[in-house]
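model-v6.cif follows (mmCIF, C-alpha atoms):
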data_my_file
#
loop_
_atom_site.label_atom_id
_atom_site.label_comp_id
_atom_site.auth_asym_id
_atom_site.auth_seq_id
_atom_site.Cartn_x
_atom_site.Cartn_y
_atom_site.Cartn_z
CA MET A 23 25.99 -48.12 -64.51
CA GLU A 24 24.64 -47.09 -61.14
CA VAL A 25 20.99 -46.37 -60.47
CA HIS A 26 20.49 -42.64 -60.12
CA ARG A 27 19.59 -41.80 -56.56
CA VAL A 28 16.32 -39.98 -56.21
CA LYS A 29 15.33 -37.37 -53.71
CA ILE A 30 12.73 -38.59 -51.25
CA PRO A 31 9.73 -36.36 -52.02
CA SER A 32 7.73 -34.71 -49.30
CA ASP A 33 3.96 -34.43 -49.38
CA ASN A 34 4.43 -30.85 -50.61
CA ASP A 35 6.28 -32.17 -53.68
CA SER A 36 3.22 -34.12 -54.80
CA LEU A 37 0.94 -32.97 -57.58
CA PHE A 38 -1.97 -34.18 -55.47
CA ASN A 39 -1.79 -34.25 -51.71
CA PHE A 40 -3.47 -37.11 -49.84
CA PRO A 41 -1.12 -37.71 -46.89
CA LEU A 42 -3.62 -39.96 -45.11
CA ASN A 43 -0.73 -41.78 -43.44
CA LYS A 44 -0.54 -38.86 -41.00
CA TYR A 45 -4.12 -39.43 -39.87
CA PHE A 46 -3.58 -43.16 -39.45
CA ASN A 47 -0.24 -42.68 -37.62
CA PHE A 48 1.36 -44.90 -40.25
CA ASP A 49 4.94 -46.11 -39.67
CA ARG A 50 6.48 -47.59 -42.83
CA TYR A 51 9.05 -49.65 -40.89
CA VAL A 52 6.52 -51.12 -38.50
CA ALA A 53 4.28 -51.98 -41.48
CA ARG A 54 7.16 -53.68 -43.32
CA ASP A 55 8.15 -55.74 -40.28
CA TRP A 56 4.55 -56.67 -39.57
CA MET A 57 4.04 -57.92 -43.11
CA GLU A 58 7.29 -59.88 -43.05
CA GLN A 59 6.12 -61.69 -39.92
CA ASN A 60 2.43 -62.01 -40.79
CA TRP A 61 2.15 -62.43 -44.57
CA THR A 62 0.84 -65.97 -43.92
CA ILE A 63 -2.46 -64.36 -42.90
CA SER A 64 -3.09 -64.16 -46.63
CA LEU A 65 -2.89 -67.97 -46.78
CA TYR A 66 -5.62 -68.28 -44.14
CA GLY A 67 -7.69 -65.78 -46.10
CA ILE A 68 -7.23 -67.81 -49.26
CA GLY A 69 -8.23 -70.98 -47.40
CA VAL A 70 -11.46 -69.40 -46.15
CA TYR A 71 -12.03 -68.01 -49.63
CA ALA A 72 -11.70 -71.44 -51.26
CA LEU A 73 -14.04 -73.02 -48.71
CA PHE A 74 -16.61 -70.29 -49.28
CA ILE A 75 -16.50 -70.79 -53.04
CA TYR A 76 -17.20 -74.50 -52.69
CA PHE A 77 -19.72 -74.52 -49.85
CA GLY A 78 -21.30 -71.23 -50.93
CA GLN A 79 -22.09 -72.60 -54.36
CA GLU A 80 -23.42 -75.80 -52.82
CA TYR A 81 -25.62 -73.77 -50.47
CA MET A 82 -26.99 -71.65 -53.31
CA LYS A 83 -27.46 -74.54 -55.73
CA ASN A 84 -31.19 -75.00 -55.07
CA ARG A 85 -31.93 -71.48 -53.88
CA LYS A 86 -32.90 -68.31 -55.67
CA PRO A 87 -30.22 -65.69 -56.26
CA MET A 88 -30.02 -63.12 -53.49
CA ASP A 89 -31.03 -59.56 -54.31
CA LEU A 90 -27.93 -57.64 -53.30
CA LYS A 91 -28.12 -54.73 -55.73
CA ARG A 92 -27.87 -52.00 -53.12
CA ALA A 93 -25.01 -53.67 -51.24
CA LEU A 94 -23.21 -54.37 -54.52
CA ALA A 95 -23.58 -50.75 -55.64
CA ILE A 96 -22.17 -49.46 -52.35
CA TRP A 97 -19.29 -51.95 -52.52
CA ASN A 98 -18.36 -51.03 -56.08
CA PHE A 99 -18.61 -47.29 -55.46
CA THR A 100 -16.41 -47.67 -52.38
CA LEU A 101 -13.70 -49.53 -54.30
CA ALA A 102 -13.96 -47.08 -57.20
CA ALA A 103 -13.47 -44.09 -54.87
CA PHE A 104 -10.58 -45.80 -53.10
CA SER A 105 -8.88 -46.71 -56.39
CA ILE A 106 -9.24 -43.21 -57.79
CA THR A 107 -7.76 -41.68 -54.63
CA GLY A 108 -4.92 -44.19 -54.70
CA THR A 109 -4.33 -43.46 -58.37
CA VAL A 110 -3.86 -39.71 -58.00
CA SER A 111 -1.63 -40.28 -54.97
CA VAL A 112 0.79 -42.81 -56.47
CA ILE A 113 0.86 -41.11 -59.88
CA SER A 114 2.15 -37.92 -58.29
CA GLU A 115 4.94 -39.94 -56.68
CA PHE A 116 5.68 -41.73 -59.94
CA ILE A 117 5.89 -38.50 -61.94
CA PHE A 118 8.20 -37.03 -59.30
CA VAL A 119 10.64 -39.94 -59.75
CA LEU A 120 10.27 -39.96 -63.54
CA ARG A 121 11.24 -36.28 -63.78
CA GLN A 122 14.52 -36.81 -62.00
CA GLU A 123 17.84 -37.71 -63.61
CA GLY A 124 17.31 -41.46 -63.80
CA GLY A 125 14.01 -41.13 -65.64
CA PHE A 126 12.31 -44.38 -66.61
CA HIS A 127 15.22 -46.44 -65.28
CA SER A 128 14.73 -45.02 -61.79
CA THR A 129 11.01 -45.80 -61.86
CA VAL A 130 11.92 -49.46 -62.38
CA CYS A 131 15.11 -49.82 -60.37
CA ALA A 132 15.52 -47.07 -57.74
CA PRO A 133 14.95 -48.45 -54.21
CA CYS A 134 11.46 -48.04 -52.81
CA SER A 135 13.07 -46.68 -49.66
CA GLU A 136 13.44 -43.51 -51.71
CA ILE A 137 9.77 -42.62 -51.77
CA SER A 138 7.65 -40.63 -49.36
CA ASP A 139 5.79 -42.05 -46.38
CA SER A 140 2.53 -41.13 -48.09
CA ALA A 141 3.37 -43.27 -51.14
CA VAL A 142 4.42 -46.18 -48.92
CA PHE A 143 1.11 -45.86 -47.10
CA TRP A 144 -0.81 -46.23 -50.36
CA GLY A 145 1.30 -49.27 -51.22
CA TRP A 146 0.30 -50.74 -47.87
CA MET A 147 -3.36 -49.96 -48.49
CA PHE A 148 -3.04 -51.55 -51.93
CA CYS A 149 -1.99 -54.81 -50.27
CA MET A 150 -4.76 -54.61 -47.69
CA THR A 151 -7.43 -54.17 -50.34
CA LYS A 152 -6.28 -57.32 -52.13
CA LEU A 153 -7.64 -59.20 -49.14
CA ALA A 154 -10.82 -57.11 -49.07
CA GLU A 155 -11.40 -57.61 -52.80
CA LEU A 156 -12.13 -61.29 -52.18
CA ILE A 157 -15.59 -60.01 -51.26
CA ASP A 158 -16.16 -59.54 -55.01
CA THR A 159 -16.56 -63.30 -55.20
CA VAL A 160 -19.07 -63.35 -52.34
CA PHE A 161 -21.42 -61.27 -54.47
CA ILE A 162 -20.91 -63.56 -57.46
CA VAL A 163 -21.69 -66.70 -55.46
CA LEU A 164 -24.69 -65.33 -53.55
CA ARG A 165 -26.17 -63.79 -56.72
CA LYS A 166 -25.54 -67.08 -58.56
CA ARG A 167 -23.48 -65.48 -61.30
CA PRO A 168 -21.04 -67.69 -63.25
CA LEU A 169 -17.68 -67.94 -61.50
CA ILE A 170 -14.86 -68.40 -63.98
CA PHE A 171 -11.34 -69.64 -63.29
CA LEU A 172 -9.79 -66.30 -64.28
CA HIS A 173 -11.70 -64.52 -61.52
CA PHE A 174 -10.62 -66.52 -58.50
CA TYR A 175 -7.15 -67.37 -59.86
CA HIS A 176 -6.42 -63.65 -60.30
CA HIS A 177 -7.73 -62.75 -56.83
CA ILE A 178 -5.74 -65.49 -55.09
CA THR A 179 -2.42 -64.98 -56.84
CA VAL A 180 -2.40 -61.17 -56.65
CA LEU A 181 -3.16 -61.33 -52.92
CA LEU A 182 -0.42 -63.86 -52.27
CA TYR A 183 2.13 -62.04 -54.42
CA ALA A 184 1.43 -58.63 -52.84
CA TRP A 185 1.59 -59.88 -49.25
CA TYR A 186 4.57 -62.21 -49.67
CA PHE A 187 6.80 -59.68 -51.42
CA TYR A 188 5.67 -56.50 -49.64
CA SER A 189 8.48 -56.56 -47.08
CA ASP A 190 11.08 -56.89 -49.85
CA GLU A 191 10.03 -53.45 -51.16
CA ILE A 192 10.93 -54.31 -54.74
CA ALA A 193 11.52 -51.32 -57.01
CA PRO A 194 9.20 -52.38 -59.91
CA ALA A 195 6.31 -52.25 -57.42
CA ARG A 196 5.96 -48.59 -58.39
CA TRP A 197 4.68 -49.74 -61.76
CA PHE A 198 2.59 -52.66 -60.52
CA ILE A 199 0.72 -50.61 -57.93
CA MET A 200 0.22 -47.52 -60.09
CA VAL A 201 -1.10 -49.39 -63.13
CA ASN A 202 -3.35 -51.59 -61.01
CA PHE A 203 -4.84 -48.55 -59.27
CA ILE A 204 -5.52 -46.93 -62.64
CA ILE A 205 -7.21 -50.02 -64.10
CA HIS A 206 -9.28 -50.59 -60.96
CA SER A 207 -10.41 -46.96 -60.99
CA VAL A 208 -11.93 -47.54 -64.40
CA MET A 209 -13.11 -51.09 -63.74
CA TYR A 210 -14.92 -50.44 -60.45
CA THR A 211 -16.45 -47.25 -61.82
CA TYR A 212 -17.83 -49.39 -64.66
CA TYR A 213 -19.12 -51.98 -62.17
CA SER A 214 -20.65 -49.20 -60.07
CA LEU A 215 -22.62 -47.82 -62.98
CA ARG A 216 -23.71 -51.29 -64.05
CA SER A 217 -24.85 -52.15 -60.52
CA ILE A 218 -27.28 -49.21 -60.50
CA GLY A 219 -28.65 -50.09 -63.91
CA VAL A 220 -26.73 -47.66 -66.13
CA TYR A 221 -26.35 -49.01 -69.66
CA ILE A 222 -22.72 -49.25 -70.80
CA PRO A 223 -22.13 -49.72 -74.55
CA LYS A 224 -20.27 -52.89 -75.51
CA PRO A 225 -17.27 -51.02 -76.99
CA ILE A 226 -16.61 -49.48 -73.57
CA ALA A 227 -16.72 -52.90 -71.91
CA MET A 228 -14.31 -54.16 -74.57
CA ALA A 229 -12.00 -51.20 -73.97
CA ILE A 230 -11.87 -52.00 -70.25
CA THR A 231 -10.85 -55.60 -71.00
CA VAL A 232 -8.21 -54.28 -73.42
CA SER A 233 -6.89 -52.02 -70.64
CA GLN A 234 -6.61 -55.08 -68.40
CA LEU A 235 -4.63 -56.83 -71.13
CA SER A 236 -2.40 -53.77 -71.46
CA GLN A 237 -1.71 -53.98 -67.73
CA MET A 238 -0.25 -57.46 -68.28
CA VAL A 239 1.86 -56.25 -71.20
CA ILE A 240 3.25 -53.42 -69.06
CA GLY A 241 3.95 -55.85 -66.22
CA VAL A 242 5.88 -58.18 -68.50
CA TYR A 243 7.85 -55.29 -70.03
CA VAL A 244 8.85 -53.83 -66.66
CA ASN A 245 9.96 -57.24 -65.39
CA VAL A 246 11.98 -57.90 -68.55
CA TYR A 247 13.59 -54.45 -68.33
CA ALA A 248 14.64 -55.08 -64.71
CA TYR A 249 15.86 -58.58 -65.65
CA LYS A 250 18.08 -57.17 -68.41
CA ALA A 251 19.37 -54.46 -66.07
CA LEU A 252 20.49 -57.11 -63.59
CA ASN A 253 22.10 -59.15 -66.36
CA ARG A 254 24.08 -56.07 -67.43
CA GLY A 255 25.37 -55.72 -63.90
CA GLU A 256 23.42 -52.54 -63.22
CA ALA A 257 22.10 -51.74 -59.77
CA CYS A 258 18.41 -52.55 -59.67
CA ASP A 259 16.59 -53.06 -56.40
CA VAL A 260 14.94 -56.37 -57.24
CA LYS A 261 16.03 -60.01 -57.12
CA TYR A 262 15.82 -62.60 -59.86
CA HIS A 263 13.26 -64.69 -57.97
CA HIS A 264 10.96 -61.66 -57.74
CA LEU A 265 11.15 -61.28 -61.51
CA HIS A 266 10.64 -64.99 -62.21
CA VAL A 267 7.44 -65.04 -60.17
CA GLY A 268 6.25 -61.72 -61.60
CA LEU A 269 6.86 -62.77 -65.20
CA GLY A 270 5.06 -66.07 -64.62
CA LEU A 271 2.03 -64.38 -63.13
CA TYR A 272 1.74 -61.63 -65.72
CA ALA A 273 2.16 -64.11 -68.57
CA SER A 274 -0.59 -66.32 -67.14
CA TYR A 275 -2.88 -63.31 -66.66
CA PHE A 276 -2.31 -62.23 -70.24
CA VAL A 277 -3.28 -65.68 -71.56
CA LEU A 278 -6.39 -65.86 -69.37
CA PHE A 279 -7.58 -62.31 -70.08
CA GLY A 280 -6.86 -62.83 -73.77
CA ASN A 281 -8.95 -66.00 -73.75
CA TYR A 282 -11.75 -64.16 -71.93
CA PHE A 283 -11.66 -61.33 -74.44
CA TYR A 284 -11.75 -63.72 -77.40
CA TRP A 285 -14.68 -65.81 -76.19
CA ALA A 286 -16.69 -62.95 -74.69
CA TYR A 287 -16.45 -60.51 -77.59
CA PHE A 288 -15.54 -62.38 -80.76
CA LYS A 289 -16.83 -65.94 -80.59
CA GLY A 290 -20.08 -64.81 -78.98
CA LYS A 291 -20.54 -68.13 -77.22
CA GLY A 292 -19.60 -67.04 -73.76
CA PHE A 293 -17.07 -68.88 -71.68
CA THR A 294 -17.32 -71.80 -69.28
CA SER A 295 -17.34 -71.24 -65.55
CA ILE A 296 -15.99 -73.76 -63.05
CA LYS A 297 -19.51 -75.10 -62.70
CA GLY A 298 -19.93 -75.52 -66.46
CA THR A 299 -22.34 -72.60 -66.74
CA LYS A 300 -22.20 -70.38 -69.78
CA THR A 301 -22.10 -66.65 -69.44
CA GLU A 302 -22.58 -64.03 -72.11
#
Show the structure stored in the file as structure tokens.
Amino acid sequence: MEVHRVKIPSDNDSLFNFPLNKYFNFDRYVARDWMEQNWTISLYGIGVYALFIYFGQEYMKNRKPMDLKRALAIWNFTLAAFSITGTVSVISEFIFVLRQEGGFHSTVCAPCSEISDSAVFWGWMFCMTKLAELIDTVFIVLRKRPLIFLHFYHHITVLLYAWYFYSDEIAPARWFIMVNFIIHSVMYTYYSLRSIGVYIPKPIAMAITVSQLSQMVIGVYVNVYAYKALNRGEACDVKYHHLHVGLGLYASYFVLFGNYFYWAYFKGKGFTSIKGTKTE
């Protein structure tokens, strides 16, 4: 069975039109080549990140938490707005592919070369923000909030995965990017409201964590679907090593988010940060 070819949509085919790539003079091929040659920048970023976590916590150990409410609110609102814009942009692309002959199979296996420049641009921006999102941890450290393993493990591995595999343009990335944008739209909106003192009922917080767990379930399912397609000899624009890494990461995220959900909402005892501090 061959993968159904899909028409490359134009910006006019989109349900929502945010062709910001035109304003940034974005060239998909230049971006791909740049990432292939420079993905190791993410390793330097991770190195600086790890050093900041250690030395930042040491620096703050005997100091009062910094009052960064205004800066935190601006940061969260910025990421929320970006994620929402990215969501409506990539969803329009996704629906366009889904409506064509290949349906769900094409969304998982059709080459990413068969998407518009605008969608590729948002995929590029998705990768760039994974580096920027390390700043989330800066606020945690400087405000002396508990820093749990899940937080920095997730930030590091998603950044490395996105940058290392970007140039391969794997087909299942349609799903990974779209679902992540959707979850982050909700998550950073929640953080934004919390940062300005808006009370959020506990069931809503629980629902957001459940949505994060569902993201991992979707990620595992899409990887397994692509894996089975390859085993059946079907054309699917992804390699086995991509799927092995993806399955490993999504499985680990599911375990860690599940553990967080259990201890935070059912046991009521909080969970232990890397410094041994309890958080509610």
query = Quick one, how far is atom CA of Ala193 of chain A from atom CA of Cys131 of chain A?
reply = 5.1 Å
Would you tabulate, counting only C-alpha atoms, all residues of segment 66-154 of chain A that have an atom at most 10 Å from an atom of segment 212-221 of chain A, showing the closest pair of atoms and their distance in Å to one decimal, sorted by chain then ascending number, as JSON lines?
{"residue": "A:Leu90", "atom": "CA", "partner": "A:Ser217", "partner_atom": "CA", "distance": 9.6}
{"residue": "A:Lys91", "atom": "CA", "partner": "A:Ser217", "partner_atom": "CA", "distance": 6.3}
{"residue": "A:Arg92", "atom": "CA", "partner": "A:Ile218", "partner_atom": "CA", "distance": 7.9}
{"residue": "A:Ala93", "atom": "CA", "partner": "A:Ser217", "partner_atom": "CA", "distance": 9.4}
{"residue": "A:Leu94", "atom": "CA", "partner": "A:Ser217", "partner_atom": "CA", "distance": 6.6}
{"residue": "A:Ala95", "atom": "CA", "partner": "A:Ser217", "partner_atom": "CA", "distance": 5.2}
{"residue": "A:Ile96", "atom": "CA", "partner": "A:Ser214", "partner_atom": "CA", "distance": 7.9}
{"residue": "A:Trp97", "atom": "CA", "partner": "A:Ser214", "partner_atom": "CA", "distance": 8.1}
{"residue": "A:Asn98", "atom": "CA", "partner": "A:Ser214", "partner_atom": "CA", "distance": 5.0}
{"residue": "A:Phe99", "atom": "CA", "partner": "A:Ser214", "partner_atom": "CA", "distance": 5.4}
{"residue": "A:Thr100", "atom": "CA", "partner": "A:Ser214", "partner_atom": "CA", "distance": 8.9}
{"residue": "A:Leu101", "atom": "CA", "partner": "A:Ser214", "partner_atom": "CA", "distance": 9.0}
{"residue": "A:Ala102", "atom": "CA", "partner": "A:Ser214", "partner_atom": "CA", "distance": 7.6}
ask   = Closest to Phe174 of chain A among A:Ile162, A:Ile192, A:Asn253, A:Met238, using all atoms listed in the file?
value =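 Once distances to Phe174 of chain A are computed over all atoms listed in the file, the minimum belongs to A:Ile162.
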request  = For atom CA of Ser105 of chain A and atom CA of His176 of chain A, determine how far apart the two atoms are, in Å to one decimal place.
outcome  = 17.6 Å
remark   = Between A:Ile63, A:Phe77, A:Ile199, A:Thr231, smallest distance to Tyr284 of chain A by all atoms listed in the file belongs to A:Thr231
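With only C-alpha atoms as the atoms that count, the residue of A:Ser236, A:Ser114, A:Gln59, A:Thr159 with the shortest distance to Phe74 of chain A is A:Thr159.
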query = How would you write, as a ChimeraX atom specification, the residues chosen by the PyMOL selection byres ((chain A and resi 183) around 10) on this structure?
reply = /A:61,64,149,152,178-182,184-188,264,267-268,271
With C-alpha atoms kept, could you save the residues just selected as a PDB file, in the coordinates of the input?
ATOM      1  CA  TRP A  61       2.150 -62.430 -44.570  1.00  0.00           C
ATOM      2  CA  SER A  64      -3.090 -64.160 -46.630  1.00  0.00           C
ATOM      3  CA  CYS A 149      -1.990 -54.810 -50.270  1.00  0.00           C
ATOM      4  CA  LYS A 152      -6.280 -57.320 -52.130  1.00  0.00           C
ATOM      5  CA  ILE A 178      -5.740 -65.490 -55.090  1.00  0.00           C
ATOM      6  CA  THR A 179      -2.420 -64.980 -56.840  1.00  0.00           C
ATOM      7  CA  VAL A 180      -2.400 -61.170 -56.650  1.00  0.00           C
ATOM      8  CA  LEU A 181      -3.160 -61.330 -52.920  1.00  0.00           C
ATOM      9  CA  LEU A 182      -0.420 -63.860 -52.270  1.00  0.00           C
ATOM     10  CA  ALA A 184       1.430 -58.630 -52.840  1.00  0.00           C
ATOM     11  CA  TRP A 185       1.590 -59.880 -49.250  1.00  0.00           C
ATOM     12  CA  TYR A 186       4.570 -62.210 -49.670  1.00  0.00           C
ATOM     13  CA  PHE A 187       6.800 -59.680 -51.420  1.00  0.00           C
ATOM     14  CA  TYR A 188       5.670 -56.500 -49.640  1.00  0.00           C
ATOM     15  CA  HIS A 264      10.960 -61.660 -57.740  1.00  0.00           C
ATOM     16  CA  VAL A 267       7.440 -65.040 -60.170  1.00  0.00           C
ATOM     17  CA  GLY A 268       6.250 -61.720 -61.600  1.00  0.00           C
ATOM     18  CA  LEU A 271       2.030 -64.380 -63.130  1.00  0.00           C
TER      19      LEU A 271
END
request  = Give as JSON, numbers by chain each residue that has an atom at most 10 Å from (3.6, -57.3, -67.3) in the file, counting all atoms listed in the file.
outcome  = {"A": [197, 198, 235, 236, 237, 238, 239, 240, 241, 242, 243, 244, 245, 246, 268, 269, 270, 271, 272, 273, 274, 275, 276]}
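Minimum atom-to-atom distance to Thr107 of chain A, evaluated using only C-alpha atoms, belongs to A:Phe203 out of A:Phe203, A:Phe283, A:Trp56, A:Tyr51.
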